[in-house]
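Asks: Got a structure here, written out as structure tokens. Questions coming.
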Amino acid sequence: MEANPRSTGRLPAAFLTPGSSSFMDFLSDHQPDMLPGRRQLPPTQGVLEAPHGTTIVAVTFPGGVVLAGDRRATMGNVIAQRDIEKVFPADEYSAVGIAGTAGLAVEMVKLFQLELEHFEKVEGATLSLEGKANRLSTMIRSNLGMAMQGLAVVPLFAGYDVDRERGRIFSYDVTGGRYEEHSFHSVGSGSVFARGALKKLYRADFTEDDAVVACMQALYDAADDDSATGGPDLTRRIYPVIMTVTAEGFRRLPDDDVAQTTQSVVDERMTNPGGPQAPLRQP
């Protein structure tokens, strides 16, 4: 009788067998039930109600890219959570923001982080930014069955391309279709209002601070018109999560810095509720 690997302290044979550098392929071969898209939902009447994350925005600048998200999760017309985290580092040079079914989205992000880490350990090199975007596309496509039942996940992926030396943004649809966006983009229920704001504010010569403020202004406009997007909550000290990705890697802005930027935006809106206006001509 073969000994149980757990009782002997030895790794199961699956962990010692050469195979793909993809962690998802490993799970598909040895424990497919752990993949979110392989799970079977019980029969339900209508669409399953679950907390949803909303608006994510991204803006490029000459030195990299900024990714930001509000903190509200909704379930129907109810606020399910006021301080959910929707923006995460994927690896040293990329980050991902989630919109859609919150629980599945967070699980997909964790699996994506493992996928990139596994590839680096097996291959001894990091994936290109294009490769990372393609891996995420495959993961979203595997969730199509869940999406057809109302549990869609639509992330926004951004990172610094070390080969091209610039920030890049990628968006997706529920089928896994991947699209490269230029200059700025937004996903989620408030994305129409956020993109409208960014169209007026964006400039190709943004500094990193300019891009951060533009993201904050766009999220403010989204919250102003979309009930599922949470605006800055000064009384609870709940502010957007903002990450920058540059040649030095990813960095999450400290809460104190975000609070200061938020306060300046709110103070400006007290006298100008519509927010800053784009100049009619370049100086």
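Going by the structure tokens order, chains are called A, B, ..., each with residues numbered from 1, while ligands are numbered from 1 in the order shown.
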Skip Asp91 in chain A itself and residues of its chain fewer than 4 positions away, then list as a VMD selection string all residues within 10 Å of it, counting only C-alpha atoms.

Replies: chain A and resid 95 to 96 112 to 114 116 to 117 126 132 159 249 to 250

Asks: Using only C-alpha atoms, which protein or nucleic acid residues come within 8 Å of range 67-69 of chain A? Drop anything in the same chain fewer than 4 positions from it, and give the result as a PyMOL selection string.

Replies: chain A and resi 55-59+86-87+95-97+158+215-216+219+240-244

Asks: Of the candidates A:Thr138, A:Ser128, A:Thr261, A:Gln81, which one gets nearest to Tyr93 in chain A if we count only C-alpha atoms?

Replies: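 Closest to Tyr93 in chain A of all the choices is A:Ser128.
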
Asks: Do you have the CA of Ser137 in chain A-CA of Glu120 in chain A distance handy?

Replies: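 We find that CA of Ser137 in chain A and CA of Glu120 in chain A lie 18.5 Å from each other.
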
Asks: Smallest atom-to-atom distance to Arg166 in chain A: which of A:Ile84, A:Gln263, A:Ser186, A:Glu248, using only C-alpha atoms?

Replies: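 Once distances to Arg166 in chain A are computed over only C-alpha atoms, the minimum belongs to A:Glu248.
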
Asks: Would you give me, as a ChimeraX atom specification, the residues in range 151-264 of chain A that DSSP reads as helix (DSSP H, G or I)?

Replies: /A:191-201,208-225,255-264

Asks: Smallest atom-to-atom distance to Ser191 in chain A: which of A:Ala222, A:Val212, A:Leu144, A:Val122, using only C-alpha atoms?

Replies: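 Comparing A:Ala222, A:Val212, A:Leu144, A:Val122 against Ser191 in chain A, the winner is A:Ala222.
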
Asks: Write out as an MDAnalysis selection string each polymer residue whose atoms come within 7 Å of Arg82 in chain A, counting only C-alpha atoms; drop sequence neighbours fewer than 6 positions from it.

Replies: chainID A and resid 71:73

Asks: Restricting the calculation to only C-alpha atoms, which member of A:Ile79, A:Met146, A:Ala105, A:Ala211 is positioned closest to Thr60 in chain A?

Replies: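 When distances to Thr60 in chain A are compared using only C-alpha atoms, the smallest one comes from A:Ala211.
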
Asks: Would you please work out which residue, of A:Val154, A:Val266, A:Ile98, A:Ala204, is nearest to Gly53 in chain A when using only C-alpha atoms?

Replies: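 Closest residue, counting only C-alpha atoms: A:Ile98.
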
Asks: Please, which residues of range 123-210 of chain A, numbered as in this document, come out strand (DSSP E) from DSSP, as an mmCIF file with C-alpha atoms, in the first residue's frame?

Replies:
```
data_model
loop_
_atom_site.group_PDB
_atom_site.id
_atom_site.type_symbol
_atom_site.label_atom_id
_atom_site.label_comp_id
_atom_site.auth_asym_id
_atom_site.auth_seq_id
_atom_site.Cartn_x
_atom_site.Cartn_y
_atom_site.Cartn_z
ATOM 1 C CA LEU A 156 -8.756 46.651 -15.908
ATOM 2 C CA PHE A 157 -5.075 45.745 -16.251
ATOM 3 C CA ALA A 158 -2.259 48.291 -16.359
ATOM 4 C CA GLY A 159 1.490 48.165 -16.067
ATOM 5 C CA TYR A 160 4.866 49.499 -17.077
ATOM 6 C CA ASP A 161 6.296 47.895 -20.215
ATOM 7 C CA ARG A 166 6.059 53.327 -21.055
ATOM 8 C CA GLY A 167 2.817 52.652 -19.226
ATOM 9 C CA ARG A 168 0.072 50.655 -20.963
ATOM 10 C CA ILE A 169 -3.587 49.888 -20.237
ATOM 11 C CA PHE A 170 -5.626 46.795 -21.212
ATOM 12 C CA SER A 171 -9.386 46.316 -20.928
ATOM 13 C CA TYR A 172 -11.469 43.130 -21.366
ATOM 14 C CA ARG A 178 -8.513 41.912 -24.792
ATOM 15 C CA TYR A 179 -8.184 45.509 -25.952
ATOM 16 C CA GLU A 180 -5.326 47.935 -25.505
ATOM 17 C CA GLU A 181 -6.496 51.385 -24.456
ATOM 18 C CA PHE A 184 -6.837 56.581 -20.201
ATOM 19 C CA HIS A 185 -9.735 54.210 -19.626
ATOM 20 C CA SER A 186 -12.370 53.240 -17.085
ATOM 21 C CA VAL A 187 -14.556 50.182 -16.362
#
```

Asks: So that I can see what lies close to Asp205 in chain A, please list as a list in words the residues with an atom at most 12 Å from it, counting only C-alpha atoms and leaving out residues fewer than 5 positions away in the same chain.

Replies: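 Returned residues: Val59, Thr60, Phe61, Pro62, Gly63, Gly64, Ser183, Asp210, Ala211 and Gln282 of chain A.
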
Asks: Env of Gln277 in chain A: 10 Å cut, atoms = only C-alpha atoms, seq-sep filter 3 positions within chain, self excluded. Answer as JSON, numbers by chain.

Replies: {"A": [197, 200, 201, 272, 274, 280]}
